[in-house]
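Below is the file final.cif, which contains mmCIF, C-alpha atoms, pLDDT in the B column; chains and numbers go by the auth columns.
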```
data_query
#
loop_
_atom_site.group_PDB
_atom_site.id
_atom_site.type_symbol
_atom_site.label_atom_id
_atom_site.label_comp_id
_atom_site.label_asym_id
_atom_site.label_seq_id
_atom_site.Cartn_x
_atom_site.Cartn_y
_atom_site.Cartn_z
_atom_site.B_iso_or_equiv
_atom_site.auth_seq_id
_atom_site.auth_asym_id
ATOM 1 C CA MET A 1 121.469 0.668 -11.139 85.00 1 A
ATOM 2 C CA LYS A 2 124.003 2.977 -9.501 86.00 2 A
ATOM 3 C CA LYS A 3 124.059 5.213 -12.601 88.00 3 A
ATOM 4 C CA PHE A 4 120.249 5.275 -12.596 90.00 4 A
ATOM 5 C CA LEU A 5 120.121 6.383 -8.957 90.00 5 A
ATOM 6 C CA LYS A 6 122.792 9.030 -9.569 92.00 6 A
ATOM 7 C CA SER A 7 120.563 10.562 -12.231 93.00 7 A
ATOM 8 C CA PHE A 8 118.006 11.349 -9.508 93.00 8 A
ATOM 9 C CA VAL A 9 120.697 13.057 -7.431 93.00 9 A
ATOM 10 C CA PHE A 10 121.702 15.208 -10.418 94.00 10 A
ATOM 11 C CA ALA A 11 118.071 16.051 -11.166 94.00 11 A
ATOM 12 C CA ALA A 12 117.425 17.044 -7.536 94.00 12 A
ATOM 13 C CA LYS A 13 120.565 19.183 -7.623 95.00 13 A
ATOM 14 C CA GLY A 14 119.220 20.965 -10.705 94.00 14 A
ATOM 15 C CA ILE A 15 115.833 21.595 -9.127 94.00 15 A
ATOM 16 C CA LYS A 16 117.477 22.886 -5.945 94.00 16 A
ATOM 17 C CA SER A 17 119.663 25.191 -8.041 94.00 17 A
ATOM 18 C CA VAL A 18 116.680 26.710 -9.845 95.00 18 A
ATOM 19 C CA ILE A 19 114.665 27.180 -6.655 93.00 19 A
ATOM 20 C CA SER A 20 117.569 28.786 -4.798 93.00 20 A
ATOM 21 C CA SER A 21 118.754 31.052 -7.608 93.00 21 A
ATOM 22 C CA GLU A 22 115.631 32.143 -9.481 93.00 22 A
ATOM 23 C CA THR A 23 113.265 34.683 -7.950 95.00 23 A
ATOM 24 C CA ASN A 24 110.438 33.666 -10.270 94.00 24 A
ATOM 25 C CA MET A 25 110.735 30.041 -9.144 95.00 25 A
ATOM 26 C CA LYS A 26 110.428 31.183 -5.540 95.00 26 A
ATOM 27 C CA VAL A 27 107.261 33.075 -6.511 96.00 27 A
ATOM 28 C CA HIS A 28 105.906 29.989 -8.311 96.00 28 A
ATOM 29 C CA THR A 29 106.678 27.873 -5.240 96.00 29 A
ATOM 30 C CA GLY A 30 104.891 30.299 -2.926 96.00 30 A
ATOM 31 C CA ILE A 31 101.840 30.465 -5.159 97.00 31 A
ATOM 32 C CA SER A 32 101.819 26.662 -5.417 97.00 32 A
ATOM 33 C CA VAL A 33 101.814 26.318 -1.630 97.00 33 A
ATOM 34 C CA PHE A 34 98.940 28.833 -1.462 97.00 34 A
ATOM 35 C CA VAL A 35 96.958 26.886 -4.100 98.00 35 A
ATOM 36 C CA ILE A 36 97.494 23.622 -2.206 98.00 36 A
ATOM 37 C CA ILE A 37 96.321 25.225 1.046 98.00 37 A
ATOM 38 C CA MET A 38 93.256 26.680 -0.692 98.00 38 A
ATOM 39 C CA GLY A 39 92.546 23.279 -2.233 98.00 39 A
ATOM 40 C CA LEU A 40 92.526 21.768 1.239 98.00 40 A
ATOM 41 C CA VAL A 41 90.399 24.583 2.672 97.00 41 A
ATOM 42 C CA PHE A 42 87.802 24.368 -0.115 97.00 42 A
ATOM 43 C CA HIS A 43 87.881 20.551 -0.360 97.00 43 A
ATOM 44 C CA ILE A 44 88.300 20.624 -4.135 98.00 44 A
ATOM 45 C CA SER A 45 87.384 17.525 -6.124 98.00 45 A
ATOM 46 C CA THR A 46 89.798 14.932 -7.481 98.00 46 A
ATOM 47 C CA VAL A 47 89.508 16.385 -10.989 98.00 47 A
ATOM 48 C CA GLU A 48 90.187 19.875 -9.632 98.00 48 A
ATOM 49 C CA TRP A 49 93.244 18.529 -7.762 98.00 49 A
ATOM 50 C CA LEU A 50 94.473 16.963 -10.994 98.00 50 A
ATOM 51 C CA ALA A 51 94.090 20.275 -12.818 98.00 51 A
ATOM 52 C CA CYS A 52 95.973 22.133 -10.054 98.00 52 A
ATOM 53 C CA ILE A 53 98.765 19.556 -9.914 98.00 53 A
ATOM 54 C CA LEU A 54 99.150 19.578 -13.695 98.00 54 A
ATOM 55 C CA CYS A 55 99.275 23.381 -13.749 98.00 55 A
ATOM 56 C CA ILE A 56 101.836 23.524 -10.946 98.00 56 A
ATOM 57 C CA GLY A 57 103.937 20.884 -12.689 98.00 57 A
ATOM 58 C CA LEU A 58 103.645 22.685 -16.024 98.00 58 A
ATOM 59 C CA VAL A 59 104.768 26.034 -14.628 98.00 59 A
ATOM 60 C CA PHE A 60 107.660 24.441 -12.705 97.00 60 A
ATOM 61 C CA THR A 61 108.769 22.474 -15.763 97.00 61 A
ATOM 62 C CA VAL A 62 108.628 25.452 -18.109 98.00 62 A
ATOM 63 C CA GLU A 63 110.470 27.644 -15.573 97.00 63 A
ATOM 64 C CA ILE A 64 113.197 24.995 -15.262 97.00 64 A
ATOM 65 C CA PHE A 65 113.540 24.858 -19.058 97.00 65 A
ATOM 66 C CA ASN A 66 113.598 28.656 -19.199 97.00 66 A
ATOM 67 C CA THR A 67 116.395 28.816 -16.643 97.00 67 A
ATOM 68 C CA SER A 68 118.288 26.107 -18.495 96.00 68 A
ATOM 69 C CA ILE A 69 117.973 27.951 -21.809 97.00 69 A
ATOM 70 C CA GLU A 70 119.019 31.267 -20.255 96.00 70 A
ATOM 71 C CA THR A 71 122.058 29.642 -18.624 96.00 71 A
ATOM 72 C CA LEU A 72 123.104 28.001 -21.887 97.00 72 A
ATOM 73 C CA VAL A 73 122.628 31.231 -23.853 97.00 73 A
ATOM 74 C CA ASP A 74 124.769 33.104 -21.311 95.00 74 A
ATOM 75 C CA LEU A 75 127.472 30.463 -21.704 96.00 75 A
ATOM 76 C CA VAL A 76 127.606 30.432 -25.507 95.00 76 A
ATOM 77 C CA SER A 77 126.932 34.151 -26.007 92.00 77 A
ATOM 78 C CA PRO A 78 128.349 36.153 -23.098 89.00 78 A
ATOM 79 C CA GLN A 79 128.284 39.300 -25.224 91.00 79 A
ATOM 80 C CA LYS A 80 124.962 40.887 -26.150 90.00 80 A
ATOM 81 C CA HIS A 81 123.491 39.521 -29.356 93.00 81 A
ATOM 82 C CA HIS A 82 119.981 40.077 -30.699 94.00 82 A
ATOM 83 C CA LEU A 83 119.430 36.341 -31.265 95.00 83 A
ATOM 84 C CA ALA A 84 120.548 35.528 -27.725 94.00 84 A
ATOM 85 C CA GLY A 85 118.099 38.093 -26.401 95.00 85 A
ATOM 86 C CA LYS A 86 115.340 36.779 -28.651 97.00 86 A
ATOM 87 C CA THR A 87 115.959 33.222 -27.438 97.00 87 A
ATOM 88 C CA LYS A 88 115.718 34.305 -23.803 96.00 88 A
ATOM 89 C CA ASP A 89 112.559 36.314 -24.495 97.00 89 A
ATOM 90 C CA ILE A 90 110.892 33.345 -26.201 98.00 90 A
ATOM 91 C CA ALA A 91 111.724 31.048 -23.281 98.00 91 A
ATOM 92 C CA ALA A 92 110.383 33.623 -20.814 97.00 92 A
ATOM 93 C CA GLY A 93 107.252 33.924 -22.959 98.00 93 A
ATOM 94 C CA ALA A 94 106.652 30.196 -22.573 98.00 94 A
ATOM 95 C CA VAL A 95 106.680 30.616 -18.789 98.00 95 A
ATOM 96 C CA LEU A 96 104.237 33.505 -19.075 98.00 96 A
ATOM 97 C CA VAL A 97 101.842 31.441 -21.212 98.00 97 A
ATOM 98 C CA ALA A 98 101.957 28.548 -18.711 98.00 98 A
ATOM 99 C CA ALA A 99 101.396 30.941 -15.794 97.00 99 A
ATOM 100 C CA ILE A 100 98.441 32.659 -17.491 98.00 100 A
ATOM 101 C CA MET A 101 96.863 29.288 -18.283 98.00 101 A
ATOM 102 C CA SER A 102 97.350 28.247 -14.657 98.00 102 A
ATOM 103 C CA VAL A 103 95.752 31.438 -13.367 98.00 103 A
ATOM 104 C CA ALA A 104 92.775 30.808 -15.665 98.00 104 A
ATOM 105 C CA VAL A 105 92.416 27.267 -14.280 98.00 105 A
ATOM 106 C CA GLY A 106 92.693 28.645 -10.734 98.00 106 A
ATOM 107 C CA ILE A 107 89.960 31.190 -11.418 98.00 107 A
ATOM 108 C CA ILE A 108 87.680 28.510 -12.877 98.00 108 A
ATOM 109 C CA ILE A 109 88.217 26.280 -9.835 98.00 109 A
ATOM 110 C CA PHE A 110 88.347 28.743 -6.949 98.00 110 A
ATOM 111 C CA LEU A 111 86.284 31.809 -7.933 98.00 111 A
ATOM 112 C CA PRO A 112 82.904 30.047 -7.678 97.00 112 A
ATOM 113 C CA LYS A 113 83.915 28.665 -4.261 97.00 113 A
ATOM 114 C CA VAL A 114 84.982 32.107 -3.014 96.00 114 A
ATOM 115 C CA ILE A 115 81.780 33.691 -4.346 96.00 115 A
ATOM 116 C CA HIS A 116 79.707 30.979 -2.675 95.00 116 A
ATOM 117 C CA LEU A 117 81.584 31.576 0.588 92.00 117 A
ATOM 118 C CA ILE A 118 80.985 35.341 0.453 93.00 118 A
ATOM 119 C CA PHE A 119 77.331 35.184 -0.573 91.00 119 A
#
```
Exercise: express the given structure as structure tokens:
Amino acid sequence: MKKFLKSFVFAAKGIKSVISSETNMKVHTGISVFVIIMGLVFHISTVEWLACILCIGLVFTVEIFNTSIETLVDLVSPQKHHLAGKTKDIAAGAVLVAAIMSVAVGIIIFLPKVIHLIF
């Protein structure tokens, strides 16, 4: 049980490390807070909340994996190598795909509400 609980401490340490050291994670966190506030303001439905939560979780998870991959690549290949660069680019691409998908979901959920509010 003690080992199990320690795993949560290590995981929290990893999340804290990514949030404190990665600018993109800070941006993702800020946008997530904004989305949550807008969800409260517009009283989005349960299904819409689920979509937002899944998108936020997806982007955070992919960003954490990206940071992990970049850190490992830097460790094993401190000198520049085209495969190291390619690996980092692919991982960053995964974050971009998740972010674009999340923006699309946000537009589908919030744009009609904003239009209704304006008109």
Mind giving me the straight-line distance from atom CA of Leu54 of chain A to atom CA of Gly106 of chain A in Å, one decimal?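 Going from atom CA of Leu54 of chain A over to atom CA of Gly106 of chain A covers 11.5 Å.
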Check which residues satisfy the PyMOL selection byres ((chain A and resi 99) around 9) in the file shown, then give them as a ChimeraX atom specification. /A:28,55-56,58-59,94-98,100-104
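Separating atom CA of Ile109 of chain A from atom CA of Ile64 of chain A is a distance of 25.6 Å.
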I'd like the residues picked by the PyMOL selection byres ((chain A and resi 33-44) around 9) written out as a PyMOL selection string, using the chain letters and numbers from the file. chain A and resi 28-32+45-49+52-53+106+109-110+113-114
One decimal, Å: what's the distance from atom CA of Gly14 of chain A over to atom CA of Val76 of chain A, could you say? 19.5 Å
Using all atoms listed in the file, find the one residue out of A:Ala51, A:Leu83, A:Ile15, A:Ser21 that sits nearest to Phe65 of chain A.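 Among A:Ala51, A:Leu83, A:Ile15, A:Ser21, it is A:Ile15 that comes nearest to Phe65 of chain A.
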Best match for closeness to Thr23 of chain A among A:His116, A:Ile107, A:Glu63, A:Ile69, counting only C-alpha atoms: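 Result for the nearest residue to Thr23 of chain A: A:Glu63.
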Neighbours of Thr71 of chain A within 12 Å (all atoms listed in the file; same-chain residues fewer than 6 positions away dropped), as an MDAnalysis selection string? chainID A and resid 17:18 21:22 64:65 77:78 84 87:88 91
Counting all atoms listed in the file, the option among A:Ile90, A:Val105, A:Ser7, A:Ile115 closest to Val62 of chain A: A:Ile90
Using only C-alpha atoms, find the one residue out of A:Ala11, A:His82, A:Phe119, A:Gly93 that sits nearest to Asn66 of chain A. A:Gly93
Is it possible to dump segment 3-115 of chain A as a CSV table (one decimal), in the first residue's frame, including just C-alpha atoms?
```
chain,number,residue,atom,x,y,z
A,3,LYS,CA,4.4,1.8,-2.6
A,4,PHE,CA,1.0,2.4,-4.2
A,5,LEU,CA,0.6,5.7,-2.4
A,6,LYS,CA,4.2,6.8,-3.3
A,7,SER,CA,3.3,6.3,-7.0
A,8,PHE,CA,0.8,9.2,-6.6
A,9,VAL,CA,3.5,11.4,-5.1
A,10,PHE,CA,5.8,10.7,-8.0
A,11,ALA,CA,3.1,11.3,-10.5
A,12,ALA,CA,2.2,14.6,-8.9
A,13,LYS,CA,5.8,15.6,-8.9
A,14,GLY,CA,6.0,14.9,-12.6
A,15,ILE,CA,2.9,17.0,-13.3
A,16,LYS,CA,4.2,19.8,-11.2
A,17,SER,CA,7.5,19.7,-13.1
A,18,VAL,CA,5.8,19.9,-16.5
A,19,ILE,CA,3.5,22.8,-15.4
A,20,SER,CA,6.4,24.8,-13.9
A,21,SER,CA,8.9,24.2,-16.6
A,22,GLU,CA,6.9,24.2,-19.9
A,23,THR,CA,5.5,27.4,-21.3
A,24,ASN,CA,3.1,25.5,-23.5
A,25,MET,CA,1.7,23.7,-20.5
A,26,LYS,CA,1.1,27.0,-18.8
A,27,VAL,CA,-0.8,28.2,-21.9
A,28,HIS,CA,-2.9,25.0,-21.9
A,29,THR,CA,-3.6,25.5,-18.2
A,30,GLY,CA,-4.7,29.1,-18.8
A,31,ILE,CA,-6.9,28.1,-21.7
A,32,SER,CA,-8.4,25.3,-19.6
A,33,VAL,CA,-9.3,27.7,-16.8
A,34,PHE,CA,-10.9,30.0,-19.4
A,35,VAL,CA,-13.0,27.1,-20.9
A,36,ILE,CA,-14.2,26.0,-17.4
A,37,ILE,CA,-15.2,29.6,-16.6
A,38,MET,CA,-17.0,29.9,-20.0
A,39,GLY,CA,-18.7,26.5,-19.3
A,40,LEU,CA,-20.0,27.9,-16.0
A,41,VAL,CA,-21.1,31.2,-17.6
A,42,PHE,CA,-23.0,29.5,-20.5
A,43,HIS,CA,-24.4,26.6,-18.4
A,44,ILE,CA,-23.2,24.0,-20.9
A,45,SER,CA,-24.8,20.6,-20.8
A,46,THR,CA,-23.4,17.4,-19.2
A,47,VAL,CA,-22.4,16.1,-22.6
A,48,GLU,CA,-20.7,19.4,-23.4
A,49,TRP,CA,-18.8,19.2,-20.0
A,50,LEU,CA,-17.7,15.7,-20.8
A,51,ALA,CA,-16.4,16.8,-24.2
A,52,CYS,CA,-14.5,19.8,-22.6
A,53,ILE,CA,-13.1,17.6,-19.8
A,54,LEU,CA,-11.9,14.9,-22.3
A,55,CYS,CA,-10.3,17.6,-24.5
A,56,ILE,CA,-8.5,19.2,-21.6
A,57,GLY,CA,-7.3,15.8,-20.4
A,58,LEU,CA,-6.2,14.8,-23.8
A,59,VAL,CA,-4.2,18.0,-24.4
A,60,PHE,CA,-2.6,17.7,-20.9
A,61,THR,CA,-1.8,14.1,-21.4
A,62,VAL,CA,-0.2,14.6,-24.8
A,63,GLU,CA,1.8,17.6,-23.6
A,64,ILE,CA,3.1,15.5,-20.7
A,65,PHE,CA,4.1,12.7,-23.1
A,66,ASN,CA,5.7,15.3,-25.4
A,67,THR,CA,7.8,16.7,-22.5
A,68,SER,CA,8.8,13.3,-21.4
A,69,ILE,CA,9.9,12.3,-24.9
A,70,GLU,CA,11.8,15.6,-25.4
A,71,THR,CA,13.6,15.1,-22.0
A,72,LEU,CA,14.5,11.5,-22.9
A,73,VAL,CA,15.8,12.5,-26.3
A,74,ASP,CA,17.9,15.2,-24.8
A,75,LEU,CA,19.4,12.7,-22.4
A,76,VAL,CA,20.2,10.0,-24.9
A,77,SER,CA,21.2,12.4,-27.7
A,78,PRO,CA,22.7,15.6,-26.3
A,79,GLN,CA,24.3,16.3,-29.7
A,80,LYS,CA,22.2,17.3,-32.6
A,81,HIS,CA,21.0,14.3,-34.6
A,82,HIS,CA,18.3,14.3,-37.4
A,83,LEU,CA,16.5,11.4,-35.8
A,84,ALA,CA,16.4,13.1,-32.4
A,85,GLY,CA,15.0,16.2,-34.0
A,86,LYS,CA,12.4,14.2,-36.0
A,87,THR,CA,11.3,12.4,-32.8
A,88,LYS,CA,10.8,15.7,-31.0
A,89,ASP,CA,8.9,17.1,-34.0
A,90,ILE,CA,6.6,14.1,-34.1
A,91,ALA,CA,5.8,14.4,-30.4
A,92,ALA,CA,5.1,18.1,-30.8
A,93,GLY,CA,2.9,17.4,-33.7
A,94,ALA,CA,0.8,15.1,-31.5
A,95,VAL,CA,0.2,18.0,-29.2
A,96,LEU,CA,-0.8,20.2,-32.1
A,97,VAL,CA,-3.3,17.6,-33.3
A,98,ALA,CA,-4.8,17.3,-29.9
A,99,ALA,CA,-5.0,21.1,-29.5
A,100,ILE,CA,-6.6,21.6,-32.9
A,101,MET,CA,-9.2,18.9,-32.1
A,102,SER,CA,-9.9,20.6,-28.8
A,103,VAL,CA,-10.3,24.0,-30.5
A,104,ALA,CA,-12.8,22.4,-32.9
A,105,VAL,CA,-14.8,21.0,-30.0
A,106,GLY,CA,-14.7,24.4,-28.3
A,107,ILE,CA,-16.0,26.1,-31.4
A,108,ILE,CA,-18.8,23.6,-31.8
A,109,ILE,CA,-19.8,24.0,-28.2
A,110,PHE,CA,-19.3,27.7,-27.6
A,111,LEU,CA,-19.8,29.5,-30.9
A,112,PRO,CA,-23.5,29.0,-31.1
A,113,LYS,CA,-23.9,30.2,-27.5
A,114,VAL,CA,-21.8,33.3,-28.2
A,115,ILE,CA,-23.8,34.0,-31.4
```
